[in-house]
Amino acid sequence: MQQMILDGLVAWAGPAGLSLLAIVFGFGLYKLVVFLVVRYTRPNSVTRIFFDASARALSVVLCLVALNSVLHTVPQDLPLLFPVQRITVLLMVMSITWAAVGFTSAIGEVIVKLNPAFEDEWKRARKVETQTRFLVRCLNVVIVLIGAGVALMTFESVNQIGTSLLASAGVGGVILGFAARPVLSNLLAGMQIALTQPFRIDDVLFVEDQWCWVEEVTATYVVLRVWDLRRLVVPLQWFIENPFQNWSRHSTELIGSAMIWVDYGMPVESLREEFTRLLQETPLWNGVTGTVQVVEAGEKGIQIRFLMSAKSSNALWDLRCFMRESMISFVQKQYPEYLPRYRGELLNNENADS
């Protein structure tokens with residue numbers, strides 16, 4: 001046994017040295033390509049984006065190509081040569097798949113970069129970004145599946161297994177369909193969302209009583225950034241089956257209100273004048289909507305609604321809080337006697353006895 005191991009090591013001494021030189025040559029060729037690309041391209045150019053996305057995979061591919069070339073020139077009667085060749089081919093398929101995924105992702109980045117979100121074209125840019133990122137992820141899934149299939153076909157046993165599976169393809173297809181139903185439904189929902197565009201990247205949504213922004217759209221779920229920096233992960237199918245609010249579907253401008261309660265004696269016109277003055281002084285107001293109305297009259301007082309608009313959801317929230325605080329402060333300083341209060345009537349003893 002020891003003699004066989006020694007003979008195998010001696011037989012592999014020369015091919016192993018050649019293989020090592022081939023790997024070094026492949027890595028050196030990769031470094032040369034890196035030098036040329038870095039030297040003659042700009043950092044933000046399209047060529048650099050594609051190269052950076054697949055550079056590591058490219059280094060592995062070049063090394064494996066050089067190694068595979070050497071393994072085909074060595075004596076074919078070397079011990080364990082066939083398994084080594086199979087492993088090399090398998091690694092090469094995996095690295096090419098890796099490079100293809102990086103290349104496809106770079107296509108998405110280039111498309112997004114060529115469609116910047118200018119002030120007058122932000123809707124189109126976000127639409128393109130949402131569709132591009134979803135389609136790129138779907139394409140990456142297809143590339144990975146193809147790569148896995150090619151990798152499995154390098155083994156002869158897979159062909160035999162595949163022949164036996166064809167006989168039960170009907171039953172297997174039904175079982176696979178039921179098992180993969182959630183995944184397939186999310187993929188189909190993602191395609192529908194990408195085409196119909198009910199929301200886009202950076203849209204402001206109100207989902208499950210949460211105020212959030214669309215941060216990422218994957219092939220099966222959406223990542224929403226909540227206002228307090230939490231992340232809400234929602235399956236794509238949920239958006240098809242449930243209603244949700246999109247606060248920036250066609251425009252980011254929104255209308256909101258602030259409510260306060262005051263006494264019946266409060267002069268509403270004074271509130272209206274102060275409200276108008278504050279709106280004109282704050283940069284949060286977009287100059288479109290600004291009204292004061294009595295919307296409720298109860299046994300203890302009246303409810304005043306201050307209706308206002310802003311250019312975005314963030315600005316509207318700050319504006320509502322600012323106006324609520326300012327109007328309460330105004331009533332406290334100028335009309336403290338008209339703050340909400342309970343009314344009562346004192347009766348003297350004579351009236352009480354009667």
# chains A, B, ... in the order shown; residues from 1 in each chain; ligands from 1
call {"tool": "residues_around", "arguments": {"residues": "range 52-62 of chain A", "least_positions_apart": "6", "cutoff": "7 Å", "atoms": "only C-alpha atoms", "output": "number ranges by chain"}}
result
A: 26-27, 30, 92, 95-96, 98-99, 102-103, 106
call {"tool": "write_last_selection", "arguments": {"atoms": "N, CA and C atoms", "output": "PDB file, in the first residue's frame"}}
result
ATOM      1  N   GLY A  26      -2.065  31.537 -15.230  1.00  0.00           N
ATOM      2  CA  GLY A  26      -3.432  32.058 -15.324  1.00  0.00           C
ATOM      3  C   GLY A  26      -3.647  33.259 -14.419  1.00  0.00           C
ATOM      4  N   PHE A  27      -3.103  33.194 -13.192  1.00  0.00           N
ATOM      5  CA  PHE A  27      -3.245  34.315 -12.268  1.00  0.00           C
ATOM      6  C   PHE A  27      -2.458  35.530 -12.755  1.00  0.00           C
ATOM      7  N   TYR A  30      -4.427  37.180 -15.384  1.00  0.00           N
ATOM      8  CA  TYR A  30      -5.507  37.963 -14.764  1.00  0.00           C
ATOM      9  C   TYR A  30      -4.976  39.303 -14.258  1.00  0.00           C
ATOM     10  N   MET A  92     -14.816  24.781 -13.020  1.00  0.00           N
ATOM     11  CA  MET A  92     -14.836  25.727 -14.128  1.00  0.00           C
ATOM     12  C   MET A  92     -16.272  26.138 -14.458  1.00  0.00           C
ATOM     13  N   SER A  95     -17.408  28.516 -11.736  1.00  0.00           N
ATOM     14  CA  SER A  95     -16.806  29.845 -11.842  1.00  0.00           C
ATOM     15  C   SER A  95     -17.367  30.623 -13.032  1.00  0.00           C
ATOM     16  N   ILE A  96     -17.647  29.942 -14.142  1.00  0.00           N
ATOM     17  CA  ILE A  96     -18.261  30.627 -15.288  1.00  0.00           C
ATOM     18  C   ILE A  96     -19.665  31.109 -14.923  1.00  0.00           C
ATOM     19  N   TRP A  98     -20.622  31.895 -11.921  1.00  0.00           N
ATOM     20  CA  TRP A  98     -20.363  33.034 -11.032  1.00  0.00           C
ATOM     21  C   TRP A  98     -20.071  34.303 -11.839  1.00  0.00           C
ATOM     22  N   ALA A  99     -19.236  34.163 -12.866  1.00  0.00           N
ATOM     23  CA  ALA A  99     -18.907  35.314 -13.708  1.00  0.00           C
ATOM     24  C   ALA A  99     -20.133  35.816 -14.475  1.00  0.00           C
ATOM     25  N   GLY A 102     -22.331  37.819 -12.130  1.00  0.00           N
ATOM     26  CA  GLY A 102     -21.760  39.151 -11.930  1.00  0.00           C
ATOM     27  C   GLY A 102     -21.938  40.039 -13.151  1.00  0.00           C
ATOM     28  N   PHE A 103     -21.774  39.459 -14.328  1.00  0.00           N
ATOM     29  CA  PHE A 103     -21.930  40.218 -15.566  1.00  0.00           C
ATOM     30  C   PHE A 103     -23.366  40.699 -15.728  1.00  0.00           C
ATOM     31  N   ALA A 106     -24.094  43.485 -13.423  1.00  0.00           N
ATOM     32  CA  ALA A 106     -23.499  44.722 -13.938  1.00  0.00           C
ATOM     33  C   ALA A 106     -24.379  45.361 -15.001  1.00  0.00           C
TER      34      ALA A 106
END
call {"tool": "residues_around", "arguments": {"residues": "Ala22 in chain A", "least_positions_apart": "4", "cutoff": "8 Å", "atoms": "only C-alpha atoms", "output": "ChimeraX atom specification"}}
result
/A:18,26,63,66-67,70
call {"tool": "write_last_selection", "arguments": {"atoms": "all heavy atoms", "output": "CSV table (one decimal), in the first residue's frame"}}
result
chain,number,residue,atom,x,y,z
A,18,LEU,N,3.8,21.2,-13.3
A,18,LEU,CA,3.2,21.9,-14.5
A,18,LEU,C,1.8,22.5,-14.2
A,18,LEU,O,1.5,23.6,-14.6
A,18,LEU,CB,3.0,20.9,-15.6
A,18,LEU,CG,4.3,20.3,-16.3
A,18,LEU,CD1,4.0,19.3,-17.3
A,18,LEU,CD2,5.1,21.5,-16.9
A,26,GLY,N,-2.1,31.5,-15.2
A,26,GLY,CA,-3.4,32.1,-15.3
A,26,GLY,C,-3.6,33.3,-14.4
A,26,GLY,O,-4.3,34.3,-14.8
A,63,CYS,N,-7.4,30.7,-14.2
A,63,CYS,CA,-6.6,29.7,-13.6
A,63,CYS,C,-7.0,28.3,-13.9
A,63,CYS,O,-6.2,27.4,-14.1
A,63,CYS,CB,-6.6,29.9,-12.1
A,63,CYS,SG,-5.7,31.4,-11.5
A,66,ALA,N,-6.2,27.3,-17.5
A,66,ALA,CA,-4.8,26.9,-17.7
A,66,ALA,C,-4.6,25.5,-17.1
A,66,ALA,O,-3.9,24.7,-17.6
A,66,ALA,CB,-3.9,28.0,-17.0
A,67,LEU,N,-5.2,25.3,-15.9
A,67,LEU,CA,-5.0,24.0,-15.2
A,67,LEU,C,-5.6,22.8,-16.1
A,67,LEU,O,-5.0,21.8,-16.2
A,67,LEU,CB,-5.6,24.0,-13.8
A,67,LEU,CG,-5.6,22.7,-13.0
A,67,LEU,CD1,-4.2,22.2,-12.8
A,67,LEU,CD2,-6.3,22.8,-11.7
A,70,VAL,N,-3.4,21.8,-19.0
A,70,VAL,CA,-2.2,21.0,-18.6
A,70,VAL,C,-2.7,19.5,-18.3
A,70,VAL,O,-2.0,18.6,-18.7
A,70,VAL,CB,-1.6,21.6,-17.3
A,70,VAL,CG1,-0.5,20.6,-16.8
A,70,VAL,CG2,-0.9,22.9,-17.7
call {"tool": "select_by_dssp", "arguments": {"residues": "range 212-278 of chain A", "states": "alpha helix (DSSP H)", "output": "PyMOL selection string"}}
result
chain A and resi 236-241+268-278
call {"tool": "closest_residue", "arguments": {"among": "A:Arg200, A:Arg133, A:Arg324, A:His72", "to": "Met259 in chain A", "atoms": "only C-alpha atoms"}}
result
A:Arg324
call {"tool": "residues_around", "arguments": {"residues": "Glu273 in chain A", "least_positions_apart": "2", "cutoff": "12 Å", "atoms": "only C-alpha atoms", "output": "ChimeraX atom specification"}}
result
/A:267-271,275-280,290-292,306,327,330
call {"tool": "write_last_selection", "arguments": {"atoms": "N, CA and C atoms", "output": "compact mmCIF listing (two decimals), in the first residue's frame"}}
result
# COMPACT_ATOMS: atom_id res chain seq x y z
N PRO A 267 -62.16 82.52 19.39
CA PRO A 267 -62.40 83.12 18.06
C PRO A 267 -61.61 82.38 16.98
N VAL A 268 -62.33 81.72 16.09
CA VAL A 268 -61.70 80.89 15.06
C VAL A 268 -60.90 81.74 14.08
N GLU A 269 -61.36 82.98 13.82
CA GLU A 269 -60.67 83.83 12.86
C GLU A 269 -59.25 84.15 13.33
N SER A 270 -59.06 84.30 14.65
CA SER A 270 -57.70 84.54 15.16
C SER A 270 -56.80 83.34 14.91
N LEU A 271 -57.35 82.14 15.08
CA LEU A 271 -56.58 80.93 14.77
C LEU A 271 -56.24 80.87 13.29
N PHE A 275 -52.49 80.80 11.83
CA PHE A 275 -52.13 79.63 11.02
C PHE A 275 -51.57 80.06 9.66
N THR A 276 -52.23 81.03 9.03
CA THR A 276 -51.76 81.52 7.73
C THR A 276 -50.39 82.17 7.85
N ARG A 277 -50.18 82.91 8.91
CA ARG A 277 -48.89 83.57 9.12
C ARG A 277 -47.77 82.54 9.29
N LEU A 278 -48.03 81.51 10.08
CA LEU A 278 -47.01 80.48 10.31
C LEU A 278 -46.71 79.70 9.03
N LEU A 279 -47.74 79.43 8.24
CA LEU A 279 -47.52 78.71 6.99
C LEU A 279 -46.61 79.50 6.05
N GLN A 280 -46.83 80.77 5.94
CA GLN A 280 -46.05 81.60 5.04
C GLN A 280 -44.60 81.76 5.49
N GLY A 290 -53.92 75.21 2.62
CA GLY A 290 -53.83 75.71 3.98
C GLY A 290 -55.17 76.24 4.44
N THR A 291 -55.94 75.47 5.18
CA THR A 291 -57.26 75.87 5.62
C THR A 291 -57.45 75.54 7.10
N VAL A 292 -58.38 76.27 7.72
CA VAL A 292 -58.75 76.05 9.12
C VAL A 292 -60.26 75.83 9.17
N PHE A 306 -56.52 71.89 11.21
CA PHE A 306 -55.60 72.71 10.40
C PHE A 306 -55.12 71.83 9.24
N MET A 327 -49.80 76.19 17.30
CA MET A 327 -51.17 76.63 17.57
C MET A 327 -51.54 76.42 19.03
N PHE A 330 -49.92 79.21 20.80
CA PHE A 330 -50.64 80.46 20.55
C PHE A 330 -51.87 80.59 21.44
call {"tool": "closest_residue", "arguments": {"among": "A:Leu145, A:Leu135, A:Ile107, A:Leu90", "to": "Arg48 in chain A", "atoms": "only C-alpha atoms"}}
result
A:Ile107
call {"tool": "atom_distance", "arguments": {"atom1": "CA of Trp261 in chain A", "atom2": "CA of Val294 in chain A"}}
result
9.7 Å
call {"tool": "residues_around", "arguments": {"residues": "Phe199 in chain A", "least_positions_apart": "2", "cutoff": "9 Å", "atoms": "only C-alpha atoms", "output": "list in words"}}
result
Lys127, Thr130, Ile193, Ala194, Thr196, Gln197, Ile201, Asp202, Asp203, Val204, Leu205, Val214, Asn246, Ser248 and Arg249 of chain A
call {"tool": "atom_distance", "arguments": {"atom1": "CA of Ala258 in chain A", "atom2": "CA of Pro283 in chain A"}}
result
17.5 Å
call {"tool": "atom_distance", "arguments": {"atom1": "CA of Trp213 in chain A", "atom2": "CA of Lys311 in chain A"}}
result
15.9 Å
call {"tool": "closest_residue", "arguments": {"among": "A:Val288, A:Ile240, A:Val101, A:Leu71", "to": "Arg137 in chain A", "atoms": "only C-alpha atoms"}}
result
A:Val101
call {"tool": "closest_residue", "arguments": {"among": "A:Val217, A:Leu32, A:Leu316, A:Met266", "to": "Cys138 in chain A", "atoms": "only C-alpha atoms"}}
result
A:Val217
call {"tool": "select_by_dssp", "arguments": {"residues": "range 182-342 of chain A", "states": "strand (DSSP E)", "output": "number ranges by chain"}}
result
A: 204-207, 210-217, 221-226, 231-235, 245-246, 254-262, 285-297, 302-310
call {"tool": "closest_residue", "arguments": {"among": "A:Leu236, A:Leu139, A:Cys212, A:Val262", "to": "Leu339 in chain A", "atoms": "only C-alpha atoms"}}
result
A:Val262
